[in-house]
Structure formats: structure tokens, C-alpha cells
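K.L.:
Here it is, the structure in full.
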Amino acid sequence: MNATAKSNLISCLFETEKLPLEEQIVSKDLAVKKFIQKVESLPIGVQVVLDDLNDPTSIVGIVSERDVIKKVLAKKKDVETTMVGEIMTTNVLILDENEKLIELIRAFREKKIRHVPVVDNEKKIVQILTEKNIISYLASKIFLL
């Protein structure tokens, strides 16, 4: 595959900022309080929720700081007893790292979503991507930053 073709794939976004797997995943059985403590120190306020932390293909949802605000705090639920699995979004769009970048851009625009988990050929989580990743990547190519 030539360089231009590679730059059209979602995987090209990993050049900008790639987090280690453990900074992108949580168990569905994690208390919301622990989720908040975890993302507080991370550059992204969203995590892929796994059924089994030892199996990066066991994606069952995605959870964000916004989910905590809308589904826990606004409803006055207890952050210590409410589990991530109770508030996660389960109908998650997951894209393959070899799909075209335009598909990711289209997903953000048409589905009005903010985060997309990306998986490899073995369906293991590779990265959570946001619109910020696209902007950073395009800026680096346009302005050679």
C-alpha cells in the first residue's frame, strides 16, 4: 500500500496520540466513582467497556463523563454503588483500523457521536478516536506541525 493510500485509513490517526490499552478500557463491573477517578488524569473522558478485561475483544459498550452527568449525577444516583455497566452506551459504532478515514468523519457527522472505538483485524480494541484526533492529524499535515 502506498503512502497516500495509508494516509486515507483510520490507522493514520494513531500517529498523533495513542494511549496505552489500559488507559482506554474499564470493566462493566467498575463503580462509577472509580471510573471518574481513572479518567480524571487522562486526556480523554471516555472508556471502552469490556465484559472481561483480559479479553480486549469483549466490547460491550462505551462510557463517558457525559454519561456520568446525565445518568448518575442528574438522577442523584450513588457513584459508589452504580456500576459502569448500568450507565454505558451499548449501541456502539466500532470501526476497523483499516477503514477509510472518510468513514470515521462521516460517522461523527451523520450519527452525531463524539467517540469511536477502533479495533484491529482480530477485533481487539486499538484506540478510541475523537474529532480532536482528526483535527490534530489534519493540522499536522496541512501546517506540517
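The chains in the C-alpha cells are called A, B, ... from first to last as shown; in each chain the residues are counted from 1, and the ligands are counted from 1 in the order shown.
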How close does segment 18-52 of chain A get to segment 132-140 of chain A? List, as a Markdown table, each residue of segment 18-52 of chain A within 12 Å, its nearest atom pair and the distance in Å to one decimal, counting only C-alpha atoms.
P.N.:
| residue | atom | partner | partner_atom | distance |
| --- | --- | --- | --- | --- |
| A:Lys18 | CA | A:Asn133 | CA | 9.6 |
| A:Leu19 | CA | A:Asn133 | CA | 11.8 |
| A:Pro43 | CA | A:Lys132 | CA | 11.0 |
| A:Ile44 | CA | A:Lys132 | CA | 10.2 |
K.L.:
Using only C-alpha atoms, which residues sit within 12 Å of Leu42 of chain A once same-chain residues fewer than 2 positions away are excluded, as a ChimeraX atom specification?
P.N.:
/A:18-20,22-25,35-40,44-47,65
K.L.:
Using C-alpha atoms, can you write the selected residues to a file as a PDB file, in the first residue's frame?
P.N.:
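Just written: out04.pdb:
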ATOM      1  CA  LYS A  18      -2.036   6.812  21.039  1.00  0.00           C
ATOM      2  CA  LEU A  19      -2.929   5.823  24.576  1.00  0.00           C
ATOM      3  CA  PRO A  20      -1.907   2.518  26.119  1.00  0.00           C
ATOM      4  CA  GLU A  22      -5.126   0.060  29.945  1.00  0.00           C
ATOM      5  CA  GLU A  23      -5.886   3.794  29.718  1.00  0.00           C
ATOM      6  CA  GLN A  24      -8.783   3.160  27.314  1.00  0.00           C
ATOM      7  CA  ILE A  25     -10.707   0.290  28.907  1.00  0.00           C
ATOM      8  CA  PHE A  35     -14.303   5.465  36.526  1.00  0.00           C
ATOM      9  CA  ILE A  36     -14.289   9.160  37.454  1.00  0.00           C
ATOM     10  CA  GLN A  37     -11.015   8.761  39.342  1.00  0.00           C
ATOM     11  CA  LYS A  38      -9.454   6.986  36.379  1.00  0.00           C
ATOM     12  CA  VAL A  39     -10.403   9.458  33.640  1.00  0.00           C
ATOM     13  CA  GLU A  40      -9.596  12.456  35.799  1.00  0.00           C
ATOM     14  CA  ILE A  44      -9.831  11.615  27.249  1.00  0.00           C
ATOM     15  CA  GLY A  45     -13.010  11.326  29.320  1.00  0.00           C
ATOM     16  CA  VAL A  46     -14.323   8.176  27.728  1.00  0.00           C
ATOM     17  CA  GLN A  47     -13.552   4.479  28.086  1.00  0.00           C
ATOM     18  CA  GLU A  65     -18.071  11.729  31.602  1.00  0.00           C
TER      19      GLU A  65
END
K.L.:
For Glu97 of chain A, please output as a ChimeraX atom specification all residues within 9 Å (counting only C-alpha atoms; exclusion window: fewer than 5 positions along the same chain).
P.N.:
/A:9-12,118-121,126-127
K.L.:
Please, which residues in segment 28-51 of chain A fall within 8 Å of segment 58-61 of chain A when counting only C-alpha atoms, and what is the closest atom pair and distance in Å to one decimal for each, ordered by chain then residue number, as CSV?
P.N.:
residue,atom,partner,partner_atom,distance
A:Lys28,CA,A:Val60,CA,7.9
A:Val48,CA,A:Gly61,CA,6.1
A:Val49,CA,A:Gly61,CA,4.9
A:Leu50,CA,A:Ile59,CA,4.5
A:Asp51,CA,A:Ser58,CA,5.4
K.L.:
Would you mind reading off the distance between atom CA of Ser41 of chain A and atom CA of Ser64 of chain A, one decimal, in Å?
P.N.:
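Atom CA of Ser64 of chain A lies at a distance of 13.9 Å from atom CA of Ser41 of chain A.
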K.L.:
Please run DSSP on the backbone and report, as a list in words, all residues within segment 57-128 of chain A that come out as alpha helix (DSSP H).
P.N.:
Glu65, Arg66, Asp67, Val68, Val84, Gly85, Glu86, Ile87, Leu101, Ile102, Glu103, Leu104, Ile105, Arg106, Ala107, Phe108, Arg109, Glu110 and Lys111 of chain A
K.L.:
Run DSSP on the backbone and tell me which residues of chain A come out as strand (DSSP E or B); list them as an MDAnalysis selection string.
P.N.:
chainID A and resid 9 25:27 31 46:50 59:64 83 89 95:96 100 115:119 125:130
K.L.:
The selected residues should be written to file as a compact mmCIF listing (two decimals), in the first residue's frame (atoms: N, CA and C atoms).
P.N.:
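Once written, again_29.txt looks like this:
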# COMPACT_ATOMS: atom_id res chain seq x y z
N LEU A 9 -6.46 5.96 5.67
CA LEU A 9 -7.01 4.97 6.59
C LEU A 9 -7.10 5.52 8.00
N ILE A 25 -9.70 1.32 28.62
CA ILE A 25 -10.71 0.29 28.91
C ILE A 25 -11.07 0.24 30.39
N VAL A 26 -12.32 -0.15 30.65
CA VAL A 26 -12.79 -0.41 32.00
C VAL A 26 -13.72 -1.62 31.96
N SER A 27 -13.91 -2.21 33.11
CA SER A 27 -14.84 -3.33 33.26
C SER A 27 -16.25 -2.79 33.44
N ALA A 31 -17.19 0.52 39.60
CA ALA A 31 -18.03 1.56 40.17
C ALA A 31 -17.78 2.88 39.45
N VAL A 46 -13.49 9.27 28.20
CA VAL A 46 -14.32 8.18 27.73
C VAL A 46 -13.51 6.89 27.81
N GLN A 47 -14.21 5.78 28.02
CA GLN A 47 -13.55 4.48 28.09
C GLN A 47 -14.41 3.44 27.36
N VAL A 48 -13.74 2.48 26.74
CA VAL A 48 -14.43 1.34 26.15
C VAL A 48 -14.71 0.38 27.30
N VAL A 49 -15.93 -0.12 27.36
CA VAL A 49 -16.33 -1.03 28.43
C VAL A 49 -16.22 -2.46 27.92
N LEU A 50 -15.49 -3.26 28.69
CA LEU A 50 -15.30 -4.66 28.34
C LEU A 50 -16.04 -5.56 29.31
N ILE A 59 -15.91 -6.17 23.86
CA ILE A 59 -16.51 -4.83 23.96
C ILE A 59 -18.03 -4.94 24.14
N VAL A 60 -18.53 -4.33 25.21
CA VAL A 60 -19.97 -4.34 25.46
C VAL A 60 -20.57 -2.93 25.48
N GLY A 61 -19.70 -1.91 25.45
CA GLY A 61 -20.22 -0.55 25.46
C GLY A 61 -19.13 0.49 25.53
N ILE A 62 -19.57 1.71 25.77
CA ILE A 62 -18.66 2.84 25.92
C ILE A 62 -19.28 3.75 26.98
N VAL A 63 -18.43 4.35 27.80
CA VAL A 63 -18.92 5.21 28.87
C VAL A 63 -18.10 6.50 28.88
N SER A 64 -18.79 7.61 29.12
CA SER A 64 -18.13 8.92 29.09
C SER A 64 -18.50 9.73 30.33
N MET A 83 -22.73 0.96 38.86
CA MET A 83 -21.66 0.39 38.05
C MET A 83 -21.67 0.97 36.64
N THR A 89 -23.26 3.31 27.18
CA THR A 89 -23.99 3.25 25.92
C THR A 89 -23.66 1.90 25.30
N LEU A 95 -15.32 0.82 14.54
CA LEU A 95 -14.73 0.80 13.21
C LEU A 95 -13.40 0.05 13.23
N ASP A 96 -13.07 -0.51 12.08
CA ASP A 96 -11.81 -1.22 11.89
C ASP A 96 -10.73 -0.21 11.53
N LYS A 100 -11.51 3.47 5.75
CA LYS A 100 -11.09 4.79 5.27
C LYS A 100 -11.44 5.87 6.29
N HIS A 115 -17.24 9.80 20.09
CA HIS A 115 -16.14 8.87 20.29
C HIS A 115 -16.40 7.59 19.51
N VAL A 116 -15.35 7.05 18.91
CA VAL A 116 -15.47 5.80 18.15
C VAL A 116 -14.32 4.86 18.54
N PRO A 117 -14.67 3.71 19.11
CA PRO A 117 -13.62 2.71 19.35
C PRO A 117 -13.17 2.11 18.02
N VAL A 118 -11.88 1.92 17.89
CA VAL A 118 -11.31 1.33 16.68
C VAL A 118 -10.65 0.01 17.06
N VAL A 119 -10.88 -1.00 16.25
CA VAL A 119 -10.33 -2.33 16.51
C VAL A 119 -9.39 -2.75 15.39
N ILE A 125 -9.51 -3.96 20.77
CA ILE A 125 -9.52 -2.51 20.82
C ILE A 125 -8.10 -1.97 20.63
N VAL A 126 -7.99 -0.98 19.76
CA VAL A 126 -6.71 -0.36 19.46
C VAL A 126 -6.66 1.06 20.01
N GLN A 127 -7.74 1.79 19.79
CA GLN A 127 -7.74 3.20 20.16
C GLN A 127 -9.17 3.73 20.17
N ILE A 128 -9.44 4.70 21.02
CA ILE A 128 -10.69 5.45 20.98
C ILE A 128 -10.37 6.73 20.23
N LEU A 129 -11.11 7.01 19.19
CA LEU A 129 -10.84 8.23 18.43
C LEU A 129 -11.94 9.26 18.63
N THR A 130 -11.53 10.52 18.57
CA THR A 130 -12.45 11.64 18.71
C THR A 130 -12.24 12.60 17.54
K.L.:
Nearest residue to Phe108 of chain A out of A:Val84, A:Ile94, A:Leu30, A:Val72, using only C-alpha atoms?
P.N.:
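Of the candidates, the smallest distance to Phe108 of chain A is held by A:Ile94.
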K.L.:
For a quick check of understanding, using only C-alpha atoms, which of A:Leu93, A:Asp67, A:Lys111, A:Arg106 has the smallest distance to Val79 of chain A?
P.N.:
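Closest to Val79 of chain A of all the choices is A:Asp67.
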K.L.:
So what do you get for atom CA of Val32 of chain A versus atom CA of Phe14 of chain A, distance-wise?
P.N.:
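Rounded to one decimal, the two atoms are 28.1 Å apart.
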K.L.:
To one decimal in Å, tell me the separation between atom CA of Ile142 of chain A and atom CA of Leu101 of chain A.
P.N.:
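Rounded to one decimal, the two atoms are 15.9 Å apart.
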